[in-house]
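Participant: Sharing a structure with you now.
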Protein chains: 2
Amino acid sequence: MATSKPKYSYEALTSPAEVEDHTPFAGLNAVVNTATATVKQQQQQPALKLLKSVPSATADLEIMNQIRIVTEKIKILKAVKADKALIDEQVALLKDLNTKKNDSSLADDDASKKFDLKTPKGTRDFVPEEMAIREQMFATISKVFKRHGGVTIDTPVFELKEILTGKYGEDSKLIYDLKDQGGELSSLRYDLTVPFARFLAMHGISNIKRYHIGKVYRRDNPSVNKGRMREFFQCDFDIAGEYGSMIPDSEILKVVVEVLEAVDIGNFKVKINHRKILDGIFEVCGVPAEKFRPISSAVDKLDKAPWTEVKKEMVEEKGLDEAVADRIEQYVKLCGSVEVCDILAADPKFTTSKRAMEGVNDMRLLFKYLDLLGVKEKMSFDLSLARGLDYYTGVIYEAVFESTSEETSGVGSIAAGGRYDDLVGMFSPSGKKIPCVGVSVGVERVFALLLAKQRAAKSNTKQRTTSTQVYLVGLGSGHLDQRMTTATRLWKAGVATEYAFKEKPRREAQFKVIAEEGIPVSVVFDDVKFGAGKIQVEYNIGEGKEKVVIGVEDVVETVKRFL
Amino acid sequence: MATSKPKYSYEALTSPAEVEDHTPFAGLNAVVNTATATVKQQQQQPALKLLKSVPSATADLEIMNQIRIVTEKIKILKAVKADKALIDEQVALLKDLNTKKNDSSLADDDASKKFDLKTPKGTRDFVPEEMAIREQMFATISKVFKRHGGVTIDTPVFELKEILTGKYGEDSKLIYDLKDQGGELSSLRYDLTVPFARFLAMHGISNIKRYHIGKVYRRDNPSVNKGRMREFFQCDFDIAGEYGSMIPDSEILKVVVEVLEAVDIGNFKVKINHRKILDGIFEVCGVPAEKFRPISSAVDKLDKAPWTEVKKEMVEEKGLDEAVADRIEQYVKLCGSVEVCDILAADPKFTTSKRAMEGVNDMRLLFKYLDLLGVKEKMSFDLSLARGLDYYTGVIYEAVFESTSEETSGVGSIAAGGRYDDLVGMFSPSGKKIPCVGVSVGVERVFALLLAKQRAAKSNTKQRTTSTQVYLVGLGSGHLDQRMTTATRLWKAGVATEYAFKEKPRREAQFKVIAEEGIPVSVVFDDVKFGAGKIQVEYNIGEGKEKVVIGVEDVVETVKRFL
């Protein structure tokens with residue numbers, strides 16, 4: 001039996017992501033979606049129902065899904081240090097599900113199933129509770145971008161294959177191709193950066209501050225545990241144009257700090273470095289030119305591995321002279337603020353590299369601007385930051401979440417980017433270069449943190465998913481006509497209003513909706529109790545509960561006073 | 001030479017769509033994107049530049065693109081009855097381009113081109129001016145959906161191929177498949193309705209009011225002239241659940257009217273009919289059961305073709321007895337309001353069909369509710385409305401734009417939908433039916449109308465693309481440090497602020513940005529003129545121009561007073 005109005009309930013779950021970076025060319029950090037969700041029907045347990053009534057493969061799948069979900073839920077509960085009773089409850093449920101799985105003697109090759117009722121591997125749905133958080137997050141981030149003069153663009157979800165070809169190095173294998181159904185070969189976009197560069201070249205735009213929030217696709221091996229999805233959102237802000245040195249770069253870093261403060265996920269710091277300095281280090285340490293890239297990629301692992309391991313990779317795997325590696329160590333362990341510039345500038349060997357000193361001068365200027373913009377304290381000049389991507393030409397950065405719990409310590413990078421001055425030129429028919437600097441916010445990780453936080457904080461209050469302000473309750477004869485005309489008045493006045501889609505809805509069903517959706521105002525029609533043409537308007541929230549009986553003609557005025 | 005800050009200019013063009021419906025199963029009208037756009041660089045003409053410097057195939061493509069765009073522009077100018085001089089100017093340009101095309105002896109098979117600098121066939125970019133209109137449109141529509149208690153969901157852009165298989169009849173050939181790169185076979189979604197039904201079945205949701213704004217994909221033959229694109233937005237609102245007869249249906253129709261009034265595109269009416277009545281007509285006229293579908297599809301053409309032609313199709317192509325066709329004519333020419341119910345109920349032959357009379361009773365009730373909701377006058381009970389889709393089970397409707405000019409008369413359907421009670425059951429493992437009723441707003445057509453309207457109305461004023469409220473102007477020594485610290489203050493106060501990314505930007509370049517972007521407030525730093533620590537704050541818009549010289553420490557307060 002259905003309830004008296006559109007309604008659903010669900011449990012949405014998520015876990016913080018582990019550090020994963022699959023963005024060799026994008027210049028933007030891989031953002032990964034860690035959330036897994038399931039939705040349950042209001043007054044029944046469809047999974048259990050499924051077990052009795054559906055083809056076995058589907059039922060089996062449902063159990064597997066639930067196991068996955070409960071496993072994730074336990075992780076989160078532990079991560080947020082939830083009440084032990086809550087965790088135990090989930091552990092018991094998991095045990096129960098595992099028993100069911102073993103009991104179920106359903107073969108994988110059961111041919112009776114109609115189809116898998118699921119989304120493709122590595123993709124997922126978002127239920128309304130999640131969408132409410134997600135839209136709020138995007139609105140918060142867009143607001144910061146707009147505050148800095150950003151405009152937005154849109155590009156197709158797929159590009160000509162040749163546009164993407166040769167842009168992502170070995171990760172090109174992760175590109176989703178469309179089937180050749182006659183005509184052009186196309187591929188789903190891998191990031192938003194290459195389409196942006198193509199957009200600039202194609203439309204002949206030489207300067208723009210643009211942001212773009214959109215889905216990207218990577219045919220990676222999805223991992224629910226690692227939060228690696230095949231379809232996920234990226235959220236990029238880039239500045240293109242010929243400008244004064246370090247001025248747009250400093251604004252991008254200001255935007256990063258403002259965005260991460262605005263989404264309110266907790267502490268973070270921004271590691272910064274400069275490609276010219278990194279290359280200068282390799283130069284003065286004696287790394288052969290052809291090994292710059294592999295050695296840079298080894299350095300990039302220093303945030304996850306100790307020096308001894310990285311050195312081993314350099315020497316044993318990549319054939320670097322041990323003495324050279326030792327010299328590199330002296331540099332990449334440097335970390336701090338602008339004083340790192342002084343240390344480098346005082347190093348007679350380092351100063352022999354003109355290129356490296358250009359980087360140092362850039363960093364001095366950048367720190368000056370970051371100080372003026374009030375974000376210098378958030379920065380960590382970290383010579384071990386390398387970023388695995390080839391196309392950076394200047395400043396590079398990566399914002400890192402500073403976890404307060406051991407369990408979320410794996411979240412890692414939550415925004416990343418850098419300067420890429422040569423990419424647009426690859427697309428421009430005239431080869432004209434357009435200098436660019438940008439950042440990609442790891443919105444899936446931010447979302448996972450926000451969802452976990454929301455669920456931990458408000459275990460007893462639900463995230464509102466509707467914006468409904470008024471619910472019209474029909475008692476006695478139901479008063480459907482009056483509910484319709486009254487709703488029409490309220491809608492006309494811009495008030496979000498709902499009513500039960502029944503002629504005579506049940507009293508309890510209506511009040512249940514009000515309570516569950518957290519609708520602030522109810523309007524009750526009951527002419528036996530209030531008299532003909534009279535209604536009771538009631539404010540339902542918190543301490544400010546109040547009710548008045550008025551003539552129905554005054555409904556808009558009264559409701560607006562209550563809201 | 002670059003200008004002093006991020007800036008671009010462009011010309012975006014669009015034409016109203018012709019009537020095209022490729023949605024045999026979606027229950028939602030095909031929405032087509034008619035806009036074509038090009039973007040030009042600020043201080044040069046890249047297209048002409050391209051002609052000199054780039055591989056010939058690309059140049060050829062550029063000319064062809066421009067010809068296409070100018071052709072569209074002329075159409076629009078004519079459609080909006082623009083000034084003749086404007087039209088003539090474009091016609092001259094078109095002639096010029098055609099000459100260039102003929103002069104250009106560039107072979108199509110020129111092997112020197114690197115790649116086509118374009119988006120895939122049938123897809124397009126959206127430049128910031130278009131995005132500003134588009135986002136406003138989506139916000140307006142979402143607001144109406146939320147006012148009616150709608151929640152939103154998200155589903156992946158691709159689904160398992162088997163989910164889509166068998167849902168779209170002969171148009172299944174238009175589905176984009178992903179390449180088989182190992183693993184599951186997936187396809188880009190063709191509409192939002194099938195994914196919604198899959199979502200409900202998979203998550204066991206039995207009642208929900210949901211809206212979804214998302215891109216869908218159809219590998220149709222794109223036609224810029226007909227505005228048929230391969231990637232376009234759909235914007236759906238659906239109510240799922242077991243409810244009182246016609247109550248959710250009436251709310252959907254109320255939502256349709258509110259949405260189309262809110263987007264403010266001009267007059268429209270909503271044609272409504274009922275599948276049971278249509279089938280009842282066929283039944284009492286003597287159409288053999290196996291011909292219900294083909295005859296229904298012939299009736300559906302009555303909005304574009306005269307009866308004689310439709311009859312010819314029925315009799316000659318579909319082998320219907322001529323007398324039967326003549327009997328059908330007597331019914332399908334009926335059109336009006338609720339009185340059509342009386343006419344049908346007074347017809348002794350018609351009333352023999354129980355099914356048909358159920359439809360009549362539904363329509364009576366629907367009209368009663370539509371009257372209470374204040375939208376009865378917008379409705380036209382039109383027995384010739386058939387909707388080409390199989391899966392409708394009850395009320396069907398189509399909102400039609402009532403053009404005021406001959407040229408936009410082809411826009412046609414701008415929203416469409418109906419009741420589909422059996423679709424979710426096709427996905428549910430238990431076969432459980434979930435009654436649904438919904439509508440799809442033809443947002444691409446609405447967008448095309450809005451863009452044309454905006455361009456016609458404001459030929460001298462540009463659509464703002466940024467939200468920037470304050471521009472900091474540095475004169476004399478440039479005052480970059482002060483501009484940075486002042487911007488930081490303003491950003492902190494939530495004020496959208498920009499400044500030139502140069503140490504000493506040119507005076508004219510800065511004021512040009514303010515004028516072109518329509519930034520309301522400027523703050524001028526010039527210590528020679530105003531004295532150290534003093535700034536001039538100026539309100540730039542309309543009659544209310546005002547300027548004051550203040551101490552820089554009062555900038556936030558003063559700017560907020562001005563805004």
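Chain lettering (A, B, ...) mirrors the order of the structure tokens, residue numbering begins at 1 for each chain separately, and ligand numbering begins at 1 in order of display.
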Taking 2 positions as the minimum chain separation for residues in the same chain, which residues sit within 8 Å of stretch 462-479 of chain B when counting only C-alpha atoms? Answer as a PyMOL selection string.
Facilitator: (chain A and resi 146-151) or (chain B and resi 128-129+131-132+454+458-460+481-483+487+495-500+503-507+510-511+514+516-528+559+563)
Participant: Can you list, as a PyMOL selection string, every protein, DNA or RNA residue that comes within 8 Å of B:Asp220 when you count only C-alpha atoms, leaving out same-chain residues fewer than 4 positions away?
Facilitator: chain B and resi 174+228-230
Participant: Please save N, CA and C atoms of the selected residues as a tab-separated table (two decimals), in the first residue's frame.
Facilitator:
chain	number	residue	atom	x	y	z
B	174	LEU	N	19.22	4.49	-33.09
B	174	LEU	CA	19.82	5.80	-32.79
B	174	LEU	C	20.62	5.79	-31.49
B	228	ARG	N	18.46	19.74	-35.06
B	228	ARG	CA	18.51	18.40	-34.48
B	228	ARG	C	19.94	18.09	-34.08
B	229	MET	N	20.17	17.92	-32.80
B	229	MET	CA	21.51	17.66	-32.32
B	229	MET	C	21.61	16.23	-31.79
B	230	ARG	N	22.84	15.77	-31.64
B	230	ARG	CA	23.05	14.41	-31.14
B	230	ARG	C	23.24	14.39	-29.62
Participant: Would you please give, as a ChimeraX atom specification, all residues of stretch 156-246 of chain A that DSSP assigns to alpha helix (DSSP H) based on the backbone?
Facilitator: /A:161-164,193-203
Participant: Let me see the file: selected residues, C-alpha atoms, as a PDB file, in the first residue's frame.
Facilitator:
ATOM      1  CA  LYS A 161      39.104  10.657 -30.639  1.00  0.00           C
ATOM      2  CA  GLU A 162      41.984  12.459 -32.347  1.00  0.00           C
ATOM      3  CA  ILE A 163      41.557  15.443 -30.009  1.00  0.00           C
ATOM      4  CA  LEU A 164      42.281  13.217 -27.017  1.00  0.00           C
ATOM      5  CA  THR A 193      41.406  20.388 -19.394  1.00  0.00           C
ATOM      6  CA  VAL A 194      41.962  19.018 -22.888  1.00  0.00           C
ATOM      7  CA  PRO A 195      38.408  20.015 -23.966  1.00  0.00           C
ATOM      8  CA  PHE A 196      39.099  23.475 -22.518  1.00  0.00           C
ATOM      9  CA  ALA A 197      42.304  23.804 -24.528  1.00  0.00           C
ATOM     10  CA  ARG A 198      40.457  22.615 -27.656  1.00  0.00           C
ATOM     11  CA  PHE A 199      37.686  25.137 -26.912  1.00  0.00           C
ATOM     12  CA  LEU A 200      40.136  28.038 -26.625  1.00  0.00           C
ATOM     13  CA  ALA A 201      41.941  27.114 -29.845  1.00  0.00           C
ATOM     14  CA  MET A 202      38.744  26.454 -31.786  1.00  0.00           C
ATOM     15  CA  HIS A 203      36.967  29.619 -30.743  1.00  0.00           C
TER      16      HIS A 203
END
Participant: Which residue gives the smallest distance to chain A among B:Ile265, B:Leu370, B:Ile141, B:Val360, with only C-alpha atoms counted?
Facilitator: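 Nearest to chain A: B:Leu370.
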Participant: Looking at B:Ser186, B:Ser413, B:Gln136, B:Ser380, which one is nearest to chain A, with distances taken over only C-alpha atoms?
Facilitator: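 Checking each candidate against chain A, we get B:Ser186 as the closest.
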Participant: Neighbours of B:Phe367 within 9 Å (only C-alpha atoms; same-chain residues fewer than 3 positions away dropped), as an MDAnalysis selection string?
Facilitator: chainID B and resid 250 337:338 362:364 370:372 376 379
Participant: Please run DSSP on the backbone and report, as a list in words, all residues within stretch 305-458 of chain B that come out as strand (DSSP E or B).
Facilitator: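 Of stretch 305-458 of chain B, the ones in strand (DSSP E or B) are Cys335, Gly336, Met379, Ser380, Phe381, Asp382, Val395, Ile396, Tyr397, Glu398, Ala399, Val400, Phe401, Ser413, Ile414, Ala415, Ala416, Gly417, Gly418, Arg419, Cys436, Val437, Gly438, Val439, Ser440 and Val441 of chain B.
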Participant: Please identify all polymer residues within 10 Å of B:Pro294, counting only C-alpha atoms, omitting same-chain residues fewer than 6 positions from it, and present them as a PyMOL selection string.
Facilitator: chain B and resi 300+313-314+317-318+388
Participant: For atom CA of B:Leu365 and atom CA of B:Ala416, determine how far apart the two atoms are, in Å to one decimal place.
Facilitator: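 Separating atom CA of B:Leu365 from atom CA of B:Ala416 is a distance of 20.4 Å.
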Participant: With a distance cut-off of 6 Å and only C-alpha atoms, select the neighbouring residues of A:Gly241, excluding the residue or stretch itself and same-chain residues fewer than 4 positions from it, and output the selection as a list of chain:residue names.
Facilitator: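 What passes the distance filter is A:Ser206, A:Asn207, A:Ile434, A:Pro435.
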Participant: Could you write those residues out with C-alpha atoms, as a PDB file, in the first residue's frame?
Facilitator:
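In the end it all went to result-v9.pdb:
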ATOM      1  CA  SER A 206      42.995  34.325 -25.945  1.00  0.00           C
ATOM      2  CA  ASN A 207      41.924  35.242 -22.455  1.00  0.00           C
ATOM      3  CA  ILE A 434      47.990  30.697 -24.817  1.00  0.00           C
ATOM      4  CA  PRO A 435      49.422  30.583 -21.302  1.00  0.00           C
TER       5      PRO A 435
END
